[in-house]
Amino acid sequence: LKSFNEPQLEALVDEALTRNVNLRIAAARVDQAQASLRIAGGALTPAVGVLARGGGDLGGDGSGLSGVLVSASWEIDVWGRVRYGQRAASGQLASVEADFIYARQSIAALVAKGWFVAAESALQRQLARDMLAVSERLVELAQVRRRVGKGSETDVVLAQANVQSYREGLRKLDLAREQALRSLEALAGRYPAA
């Protein structure tokens, strides 16, 4: 993106990477996979628990019982169930991270493509407007030529058909530009203006 030297495009890509709903979902999946890996790895380490109870008036029941319970447990992974579970969680994390990276690149590429389609259609619209103005002038010239006897009705009708063709092309370019802008808004997580 930096090579295009378009600050507005870079800002739009940054906005899309920050606000795009699909990318947020992918980031949440990465967080979920990281938590699953921590849980899977936790079974490989010993667990220690402490429970304390104060007696007498502090205990609240008047029994006078007090004590501390310390417990420790550790699952011996003889058959590899815990290790294989951790490896599976690690593989799942790598897969989800790769999906997230792909989603980021894909969104950036779609934003850039939409940006260039909108820019291209704007340039084509200007050319189409110029062509329409020239073709309207040609209709006037064809009508003048027919009046002075140098042209025919066919020339006038053909020139008018060209005008309609350019108007239709201009309408299609307007529609293409609007669609590209709506696509950019959706990618950027904005509410579409149209």
# chains A, B, ... in the order shown; residues from 1 in each chain; ligands from 1
$ residues_around --residues "Leu93 in chain A" --least-positions-apart "4" --cutoff "12 Å" --atoms "only C-alpha atoms" --output "list in words"
Ala26, Ala27, Ala28, Arg29, Val30, Asp31, Gln32, Ala33, Gln34, Ala35, Ser36, Leu37, Arg38, Ala40, Gln86, Arg87, Ala88, Ala89, Glu97, Ala98, Asp99 and Phe100 of chain A
$ write_last_selection --atoms "N, CA and C atoms" --output "mmCIF file, in the first residue's frame"
data_model
loop_
_atom_site.group_PDB
_atom_site.id
_atom_site.type_symbol
_atom_site.label_atom_id
_atom_site.label_comp_id
_atom_site.auth_asym_id
_atom_site.auth_seq_id
_atom_site.Cartn_x
_atom_site.Cartn_y
_atom_site.Cartn_z
ATOM 1 N N ALA A 26 -12.651 -13.039 13.363
ATOM 2 C CA ALA A 26 -11.427 -13.837 13.203
ATOM 3 C C ALA A 26 -10.467 -13.591 14.364
ATOM 4 N N ALA A 27 -10.369 -12.352 14.827
ATOM 5 C CA ALA A 27 -9.495 -12.046 15.970
ATOM 6 C C ALA A 27 -10.020 -12.727 17.236
ATOM 7 N N ALA A 28 -11.334 -12.760 17.404
ATOM 8 C CA ALA A 28 -11.911 -13.448 18.570
ATOM 9 C C ALA A 28 -11.626 -14.949 18.507
ATOM 10 N N ARG A 29 -11.621 -15.513 17.313
ATOM 11 C CA ARG A 29 -11.297 -16.940 17.169
ATOM 12 C C ARG A 29 -9.839 -17.212 17.553
ATOM 13 N N VAL A 30 -8.948 -16.272 17.245
ATOM 14 C CA VAL A 30 -7.547 -16.427 17.647
ATOM 15 C C VAL A 30 -7.457 -16.410 19.170
ATOM 16 N N ASP A 31 -8.152 -15.469 19.806
ATOM 17 C CA ASP A 31 -8.149 -15.411 21.270
ATOM 18 C C ASP A 31 -8.694 -16.699 21.877
ATOM 19 N N GLN A 32 -9.762 -17.214 21.281
ATOM 20 C CA GLN A 32 -10.368 -18.454 21.764
ATOM 21 C C GLN A 32 -9.389 -19.624 21.626
ATOM 22 N N ALA A 33 -8.690 -19.705 20.504
ATOM 23 C CA ALA A 33 -7.726 -20.793 20.295
ATOM 24 C C ALA A 33 -6.554 -20.670 21.256
ATOM 25 N N GLN A 34 -6.113 -19.441 21.554
ATOM 26 C CA GLN A 34 -5.031 -19.251 22.518
ATOM 27 C C GLN A 34 -5.464 -19.720 23.910
ATOM 28 N N ALA A 35 -6.701 -19.405 24.287
ATOM 29 C CA ALA A 35 -7.216 -19.851 25.590
ATOM 30 C C ALA A 35 -7.311 -21.379 25.634
ATOM 31 N N SER A 36 -7.740 -21.987 24.544
ATOM 32 C CA SER A 36 -7.826 -23.453 24.497
ATOM 33 C C SER A 36 -6.453 -24.085 24.649
ATOM 34 N N LEU A 37 -5.452 -23.466 24.053
ATOM 35 C CA LEU A 37 -4.089 -23.987 24.183
ATOM 36 C C LEU A 37 -3.603 -23.868 25.625
ATOM 37 N N ARG A 38 -3.887 -22.752 26.288
ATOM 38 C CA ARG A 38 -3.492 -22.605 27.691
ATOM 39 C C ARG A 38 -4.182 -23.661 28.562
ATOM 40 N N ALA A 40 -5.317 -26.616 27.557
ATOM 41 C CA ALA A 40 -4.751 -27.930 27.231
ATOM 42 C C ALA A 40 -3.374 -28.101 27.857
ATOM 43 N N GLN A 86 -2.783 -31.154 23.735
ATOM 44 C CA GLN A 86 -2.068 -29.887 23.627
ATOM 45 C C GLN A 86 -1.567 -29.661 22.204
ATOM 46 N N ARG A 87 -1.069 -30.714 21.577
ATOM 47 C CA ARG A 87 -0.611 -30.581 20.176
ATOM 48 C C ARG A 87 -1.776 -30.212 19.261
ATOM 49 N N ALA A 88 -2.933 -30.816 19.494
ATOM 50 C CA ALA A 88 -4.109 -30.495 18.680
ATOM 51 C C ALA A 88 -4.512 -29.041 18.877
ATOM 52 N N ALA A 89 -4.487 -28.568 20.110
ATOM 53 C CA ALA A 89 -4.819 -27.165 20.388
ATOM 54 C C ALA A 89 -3.798 -26.237 19.751
ATOM 55 N N GLU A 97 -4.691 -18.626 13.425
ATOM 56 C CA GLU A 97 -3.822 -17.463 13.188
ATOM 57 C C GLU A 97 -3.583 -17.256 11.696
ATOM 58 N N ALA A 98 -3.387 -18.348 10.958
ATOM 59 C CA ALA A 98 -3.205 -18.236 9.499
ATOM 60 C C ALA A 98 -4.471 -17.700 8.840
ATOM 61 N N ASP A 99 -5.632 -18.139 9.301
ATOM 62 C CA ASP A 99 -6.899 -17.607 8.779
ATOM 63 C C ASP A 99 -7.020 -16.114 9.049
ATOM 64 N N PHE A 100 -6.594 -15.690 10.235
ATOM 65 C CA PHE A 100 -6.661 -14.276 10.597
ATOM 66 C C PHE A 100 -5.744 -13.443 9.709
#
$ select_by_dssp --residues "range 22-172 of chain A" --states "helix (DSSP H, G or I)" --output "PyMOL selection string"
chain A and resi 22-42+56-58+81-148+153-172
$ select_by_dssp --residues "range 19-193 of chain A" --states "strand (DSSP E or B)" --output "PyMOL selection string"
chain A and resi 47-53+67-73
$ residues_around --residues "Asn22 in chain A" --least-positions-apart "3" --cutoff "12 Å" --atoms "only C-alpha atoms" --output "CSV table (one decimal) with N, CA, C and O atoms, in the first residue's frame"
chain,number,residue,atom,x,y,z
A,16,ALA,N,-10.7,-0.1,7.8
A,16,ALA,CA,-11.3,-1.5,7.5
A,16,ALA,C,-10.7,-2.5,8.4
A,16,ALA,O,-11.4,-3.4,9.0
A,17,LEU,N,-9.4,-2.5,8.7
A,17,LEU,CA,-8.7,-3.5,9.5
A,17,LEU,C,-9.1,-3.3,11.0
A,17,LEU,O,-9.1,-4.2,11.8
A,18,THR,N,-9.5,-2.1,11.4
A,18,THR,CA,-9.9,-1.8,12.7
A,18,THR,C,-11.4,-2.2,12.9
A,18,THR,O,-11.8,-2.7,14.0
A,19,ARG,N,-12.2,-1.8,12.0
A,19,ARG,CA,-13.7,-1.9,12.2
A,19,ARG,C,-14.4,-3.0,11.5
A,19,ARG,O,-15.6,-3.2,11.7
A,25,ILE,N,-14.3,-11.0,14.2
A,25,ILE,CA,-14.7,-12.4,14.5
A,25,ILE,C,-13.5,-13.3,14.4
A,25,ILE,O,-13.2,-14.1,15.2
A,26,ALA,N,-12.7,-13.0,13.4
A,26,ALA,CA,-11.4,-13.8,13.2
A,26,ALA,C,-10.5,-13.6,14.4
A,26,ALA,O,-9.8,-14.5,14.9
A,27,ALA,N,-10.4,-12.4,14.8
A,27,ALA,CA,-9.5,-12.0,16.0
A,27,ALA,C,-10.0,-12.7,17.2
A,27,ALA,O,-9.2,-13.2,18.0
A,28,ALA,N,-11.3,-12.8,17.4
A,28,ALA,CA,-11.9,-13.4,18.6
A,28,ALA,C,-11.6,-14.9,18.5
A,28,ALA,O,-11.4,-15.6,19.5
A,29,ARG,N,-11.6,-15.5,17.3
A,29,ARG,CA,-11.3,-16.9,17.2
A,29,ARG,C,-9.8,-17.2,17.6
A,29,ARG,O,-9.5,-18.3,18.1
A,99,ASP,N,-5.6,-18.1,9.3
A,99,ASP,CA,-6.9,-17.6,8.8
A,99,ASP,C,-7.0,-16.1,9.0
A,99,ASP,O,-7.5,-15.3,8.2
A,100,PHE,N,-6.6,-15.7,10.2
A,100,PHE,CA,-6.7,-14.3,10.6
A,100,PHE,C,-5.7,-13.4,9.7
A,100,PHE,O,-6.1,-12.4,9.2
A,102,TYR,N,-4.7,-14.2,6.7
A,102,TYR,CA,-5.3,-14.2,5.4
A,102,TYR,C,-6.5,-13.2,5.3
A,102,TYR,O,-6.6,-12.5,4.3
A,103,ALA,N,-7.3,-13.2,6.4
A,103,ALA,CA,-8.4,-12.3,6.4
A,103,ALA,C,-8.0,-10.8,6.3
A,103,ALA,O,-8.5,-10.0,5.6
A,104,ARG,N,-6.9,-10.5,7.1
A,104,ARG,CA,-6.4,-9.1,7.1
A,104,ARG,C,-5.9,-8.8,5.7
A,104,ARG,O,-6.2,-7.7,5.2
A,106,SER,N,-6.7,-10.2,2.8
A,106,SER,CA,-7.8,-10.2,1.9
A,106,SER,C,-8.6,-8.9,2.0
A,106,SER,O,-9.0,-8.3,1.0
A,107,ILE,N,-8.9,-8.4,3.2
A,107,ILE,CA,-9.6,-7.2,3.4
A,107,ILE,C,-8.8,-6.0,2.8
A,107,ILE,O,-9.4,-5.1,2.2
A,186,ALA,N,-18.9,-0.9,3.3
A,186,ALA,CA,-19.2,-2.1,4.0
A,186,ALA,C,-17.9,-2.8,4.5
A,186,ALA,O,-17.8,-3.2,5.6
A,187,LEU,N,-16.8,-2.7,3.7
A,187,LEU,CA,-15.5,-3.3,4.1
A,187,LEU,C,-15.0,-2.5,5.3
A,187,LEU,O,-14.3,-3.1,6.2
A,188,ALA,N,-15.2,-1.2,5.3
A,188,ALA,CA,-14.7,-0.3,6.4
A,188,ALA,C,-15.6,-0.4,7.6
A,188,ALA,O,-15.3,0.3,8.6
A,189,GLY,N,-16.6,-1.2,7.6
A,189,GLY,CA,-17.5,-1.3,8.8
A,189,GLY,C,-18.4,-0.1,9.0
A,189,GLY,O,-18.9,0.1,10.1
$ residues_around --residues "Leu9 in chain A" --least-positions-apart "5" --cutoff "12 Å" --atoms "only C-alpha atoms" --output "PyMOL selection string"
chain A and resi 1-4+14-16+108-116+118-119+184+188
$ closest_residue --among "A:Tyr191, A:Glu120, A:Gln160, A:Glu153" --to "Arg177 in chain A" --atoms "only C-alpha atoms"
A:Glu120
